[in-house]
Amino acid sequence: MTVLTHEMKTSFAFIERNFYLTRRYWGWELAFLVYSVAGALSISLIGAQAGDPRLLLSLMIGAIFWNYLSVVFSWIAETIAVERWEGTLEYTMMAPIRRSTQLIGSTAYAIVYGLVHTAVILVVLILFFPQLDLARANPVTAVAFVLLGSFSFVGIGMIAAILPLLYVERGAQMTFVLQSCLLLVSGVYYSISILPGWMQVLSHISPATYVLDGVRAGLIDGVPITNLFGDIWPLLLMGVSLIPLGVWAFGRAERYAKRTGKLKRVG
Amino acid sequence: MTATLSPQLNRVQALPREAALVVDHAVKRFMVGDKRRPVVAIDDVSMRLERGEIYGILGSNGSGKSTLIRLICGLLTLDAGRVEVFGHDLVREELTVKRLINRVSVDAAFFKKLSPLENLSFAAHLYGLEGGSARVAALEILARLGISERRAGRPIEQMSRGMQQKVAIARAFLTSPSLLLLDEPTTGLDPRSKLDVQMFIEELRSEHDATIVLTTHDLAEADRLCDRISILNGGRKVVESTPTGLKLLVAERNDQPATLEAAFMTYTGRSLDDDHEESEETDEPN
């Protein structure tokens with residue numbers, strides 16, 4: 001229990017620090033929010049132009065929840081990149097903490113930040129499209145899928161965080177490649193049925209596919225979560241396996257970085 | 001071959017105390033270039049530091065000083081040998097060792113948009129310190145180093161290099177390290193800031209029983225602060241003694257002036273005469 005309490009307190013270090021960073025970079029946060037709102041609006045307007053309320057809602061959900069997932073993913077993946085940029089990576093790595101503690105702290109903040117960010121976009125879009133009919137929506141299903149999907153994205157984020165650890169100069173940018181591939185195959189703005197067969201195989205191993213299926217079923221058709229087991233079990237399976245895989249892979253990468261001297265700041 | 005002095009010149013070695021740090025035949029190689037050529041950065045280095053000692057490591061740029069510090073911190077893995085801190089093996093008891101040590105490097109690395117207090121709060125949490133008491137302690141240490149509470153709340157990016165380095169020292173000291181690794185902590189500081197930092201290092205040892213490893217290019221600083229000094233050259237420890245011992249060594253064995261500069265030049269492969277002769281050759285017209 002004492003160990004657990006200590007680890008929780010230590011995790012809080014990353015939550016508090018990231019909060020301080022968000023507060024100091026408030027101008028950038030505001031700009032990023034405007035960028036995210038503008039992007040979500042642009043995509044949703046395609047549905048409005050088509051005059052199809054279902055398409056509008058489907059695109060809106062895609063834009064909003066892709067924003068959430070990519071924000072969570074980015075925060076975790078950039079955990080290392082930011083420290084390398086600031087030059088603090090060696091100090092954090094030599095602190096007496098388990099790597100899982102560091103990753104849990106960064107992850108917890110990423111989820112809270114992502115939820116707040118997404119909530120703001122959601123409010124703006126609802127205000128922008130008053131014609132939206134959400135009377136049938138089942139928000140419980142939507143929230144449950146977002147939270148379930150978060151576990152998988154945390155795991156993928158941890159794996160992506162390896163890239164800035166191993167590739168000193170361009171590692172952070174390489175995480176965007178992974179993110180864009182997930183965007184391509186996960187049916188964020190279109191049905192995965194239009195993808196070539198080999199891409200559809202990839203769709204089935206992307207957690208975003210199941211999250212978006214579940215959220216759309218909940219918000220557009222009002223389907224209760226109990227009827228969506230087909231989308232839940234892959235997410236559970238991926239969440240349970242990807243987080244330990246992420247921690248393990250990060251540990252291996254850290255050992256490699258310590259063997260080859262890649263923790264040292266460059267520049 | 002490592003040169004050693006007679007026991008009467010090595011005043012700290014003559015006092016048997018608990019070993020704060022043992023580096024035993026440490027070896028570190030890096031693979032460099034497209035052909036993955038192995039380069040030995042640390043070559044069979046051994047040293048033993050007693051509790052409360054200030055131990056200087058001198059050497060030219062690229063001699064392996066910072067690599068050795070990183071090996072002791074666990075930021076690099078050893079290819080051979082072992083490191084023990086207060087009897088704890090670095091590999092087997094990594095977290096225990098990490099709790100006992102901290103480091104200040106030549107570049108004061110911080111989240112520059114955050115204030116000293118916010119940066120120190122982060123460090124305190126990482127080392128398991130309570131928020132309230134850590135804040136009080138941080139303010140006390142910063143005040144001791146001449147940084148007021150009001151200043152401690154503003155972003156670090158607005159501070160001078162010297163002030164930032166003081167915050168770096170405060171961050172290390174906040175965690176009460178038993179072994180403090182100072183990697184060129186005064187490089188680039190103005191004389192007043194340098195003196196402040198040197199006085200604080202002396203205070204750390206005298207009042208807080210800290211054991212300190214200090215790498216520096218400032219030979220006067222090494223002479224003033226260090227109980228013993230070793231010189232690294234090409235990743236190898238080539239000599240170890242007290243400052244006085246080193247001076248006498250080069251004077252007696254190499255017929256050089258009894259100065260640390262002469263010792264440095266001699267044990268890094270060049271004597272003062274070499275430099276002088278080379279200078280004369282260079283000055284000659286073609």
# chains A, B, ... in the order shown; residues from 1 in each chain; ligands from 1
>>> interface_residues(of="chain B", to="chain A", cutoff="6 Å", atoms="only C-alpha atoms", output="NGL selection string")
:B and (75-77 or 95 or 98-99 or 109-111 or 122 or 125-126)
>>> write_last_selection(atoms="C-alpha atoms", output="short mmCIF file (atom, residue, chain, number, x, y, z; two decimals), in the first residue's frame")
data_model
loop_
_atom_site.label_atom_id
_atom_site.label_comp_id
_atom_site.auth_asym_id
_atom_site.auth_seq_id
_atom_site.Cartn_x
_atom_site.Cartn_y
_atom_site.Cartn_z
CA LEU B 75 22.30 7.29 -17.58
CA LEU B 76 24.68 4.99 -19.45
CA THR B 77 25.16 1.28 -18.97
CA LEU B 95 16.31 2.81 -7.49
CA LYS B 98 19.21 6.86 -7.62
CA ARG B 99 17.71 8.04 -4.33
CA ALA B 109 18.42 22.04 -18.02
CA PHE B 110 14.93 23.12 -17.00
CA PHE B 111 11.48 23.64 -18.35
CA PHE B 122 8.59 18.66 -10.01
CA HIS B 125 7.82 15.00 -6.23
CA LEU B 126 10.08 12.73 -8.26
#
>>> residues_around(residues="segment 178-194 of chain B", least_positions_apart="4", cutoff="6 Å", atoms="only C-alpha atoms", output="ChimeraX atom specification")
/B:100-106,162,210-216
>>> residues_around(residues="Ala170 of chain B", least_positions_apart="2", cutoff="9 Å", atoms="only C-alpha atoms", output="PDB file with N, CA and C atoms, in the first residue's frame")
ATOM      1  N   LEU B 120      11.415  23.066  -9.277  1.00  0.00           N
ATOM      2  CA  LEU B 120      11.864  22.389  -8.058  1.00  0.00           C
ATOM      3  C   LEU B 120      10.761  21.513  -7.469  1.00  0.00           C
ATOM      4  N   ALA B 138      12.709  24.483  -0.684  1.00  0.00           N
ATOM      5  CA  ALA B 138      13.170  25.065  -1.946  1.00  0.00           C
ATOM      6  C   ALA B 138      13.412  26.565  -1.784  1.00  0.00           C
ATOM      7  N   ILE B 141      16.608  27.186   0.221  1.00  0.00           N
ATOM      8  CA  ILE B 141      17.848  26.950  -0.546  1.00  0.00           C
ATOM      9  C   ILE B 141      18.047  28.053  -1.578  1.00  0.00           C
ATOM     10  N   LEU B 142      16.953  28.430  -2.250  1.00  0.00           N
ATOM     11  CA  LEU B 142      17.061  29.491  -3.253  1.00  0.00           C
ATOM     12  C   LEU B 142      17.493  30.806  -2.608  1.00  0.00           C
ATOM     13  N   LEU B 145      21.020  30.967  -1.965  1.00  0.00           N
ATOM     14  CA  LEU B 145      21.784  31.203  -3.196  1.00  0.00           C
ATOM     15  C   LEU B 145      21.481  32.570  -3.808  1.00  0.00           C
ATOM     16  N   GLN B 165      22.074  28.406 -13.161  1.00  0.00           N
ATOM     17  CA  GLN B 165      22.959  27.368 -12.625  1.00  0.00           C
ATOM     18  C   GLN B 165      22.769  27.227 -11.108  1.00  0.00           C
ATOM     19  N   LYS B 166      22.487  28.354 -10.455  1.00  0.00           N
ATOM     20  CA  LYS B 166      22.212  28.281  -9.018  1.00  0.00           C
ATOM     21  C   LYS B 166      20.923  27.507  -8.750  1.00  0.00           C
ATOM     22  N   VAL B 167      19.933  27.710  -9.609  1.00  0.00           N
ATOM     23  CA  VAL B 167      18.678  26.958  -9.457  1.00  0.00           C
ATOM     24  C   VAL B 167      18.944  25.463  -9.671  1.00  0.00           C
ATOM     25  N   ALA B 168      19.840  25.173 -10.609  1.00  0.00           N
ATOM     26  CA  ALA B 168      20.181  23.764 -10.860  1.00  0.00           C
ATOM     27  C   ALA B 168      20.818  23.139  -9.623  1.00  0.00           C
ATOM     28  N   ALA B 172      19.315  20.073  -7.179  1.00  0.00           N
ATOM     29  CA  ALA B 172      20.052  18.878  -6.752  1.00  0.00           C
ATOM     30  C   ALA B 172      20.072  18.786  -5.233  1.00  0.00           C
ATOM     31  N   PHE B 173      20.312  19.924  -4.583  1.00  0.00           N
ATOM     32  CA  PHE B 173      20.450  19.917  -3.132  1.00  0.00           C
ATOM     33  C   PHE B 173      19.124  19.640  -2.430  1.00  0.00           C
ATOM     34  N   LEU B 174      18.017  20.048  -3.065  1.00  0.00           N
ATOM     35  CA  LEU B 174      16.682  19.858  -2.491  1.00  0.00           C
ATOM     36  C   LEU B 174      16.412  18.384  -2.164  1.00  0.00           C
ATOM     37  N   THR B 175      16.974  17.503  -2.962  1.00  0.00           N
ATOM     38  CA  THR B 175      16.702  16.076  -2.777  1.00  0.00           C
ATOM     39  C   THR B 175      17.665  15.440  -1.774  1.00  0.00           C
TER      40      THR B 175
END
>>> closest_residue(among="B:Asp196, B:Glu207, B:Lys113, B:Gly74", to="Arg92 of chain B", atoms="only C-alpha atoms")
B:Gly74
>>> residues_around(residues="Ile232 of chain A", least_positions_apart="5", cutoff="8 Å", atoms="only C-alpha atoms", output="PyMOL selection string")
chain A and resi 145+148+210
>>> residues_around(residues="Phe65 of chain A", least_positions_apart="2", cutoff="9 Å", atoms="only C-alpha atoms", output="PyMOL selection string")
chain A and resi 60-63+67-70+118+146+188+211-212+215
>>> select_by_dssp(residues="segment 54-114 of chain B", states="helix (DSSP H, G or I)", output="list in words")
Lys65, Ser66, Thr67, Leu68, Ile69, Arg70, Leu71, Ile72, Cys73, Glu94, Leu95, Thr96, Val97, Lys98, Arg99 and Leu100 of chain B
>>> atom_distance(atom1="atom CA of Thr226 of chain A", atom2="atom CA of Gly214 of chain A")
10.8 Å
>>> closest_residue(among="B:Ile156, B:Leu58, B:Leu90, B:Val239", to="Arg70 of chain B", atoms="only C-alpha atoms")
B:Leu90
>>> residues_around(residues="Glu202 of chain B", least_positions_apart="4", cutoff="12 Å", atoms="only C-alpha atoms", output="list in words")
Gly52, Glu53, Ile54, Leu195, Asp196, Val197, Gln198, Ser206, Glu207, His208, Asp209, Ala210, Thr211, Ile212, Leu214, Glu221, Ala222, Arg224, Leu225, Cys226 and Asp227 of chain B
>>> select_by_dssp(residues="segment 53-177 of chain B", states="strand (DSSP E or B)", output="VMD selection string")
chain B and resid 54 to 59 80 to 85 88 to 89 101 to 104
>>> closest_residue(among="B:Pro177, B:Gly234, B:Pro243, B:Gly269", to="Thr96 of chain B", atoms="only C-alpha atoms")
B:Pro177
>>> residues_around(residues="Arg29 of chain B", least_positions_apart="3", cutoff="8 Å", atoms="only C-alpha atoms", output="ChimeraX atom specification")
/B:38-42,79
>>> write_last_selection(atoms="N, CA, C and O atoms", output="tab-separated table (two decimals), in the first residue's frame")
chain	number	residue	atom	x	y	z
B	38	PRO	N	34.22	0.79	-32.94
B	38	PRO	CA	34.14	0.94	-31.48
B	38	PRO	C	35.15	1.96	-30.96
B	38	PRO	O	36.31	1.96	-31.37
B	39	VAL	N	34.69	2.84	-30.10
B	39	VAL	CA	35.56	3.82	-29.46
B	39	VAL	C	35.44	3.64	-27.96
B	39	VAL	O	34.33	3.60	-27.42
B	40	VAL	N	36.57	3.48	-27.30
B	40	VAL	CA	36.55	3.29	-25.85
B	40	VAL	C	36.50	4.66	-25.18
B	40	VAL	O	37.45	5.43	-25.27
B	41	ALA	N	35.38	4.95	-24.54
B	41	ALA	CA	35.22	6.26	-23.89
B	41	ALA	C	35.74	6.22	-22.46
B	41	ALA	O	36.30	7.20	-21.96
B	42	ILE	N	35.51	5.10	-21.78
B	42	ILE	CA	36.03	4.90	-20.42
B	42	ILE	C	36.77	3.58	-20.42
B	42	ILE	O	36.20	2.53	-20.76
B	79	ASP	N	29.82	-1.39	-19.92
B	79	ASP	CA	30.14	-2.58	-20.72
B	79	ASP	C	30.89	-3.59	-19.86
B	79	ASP	O	30.83	-4.79	-20.10
>>> atom_distance(atom1="atom CA of His204 of chain A", atom2="atom CA of Ser186 of chain A")
8.1 Å
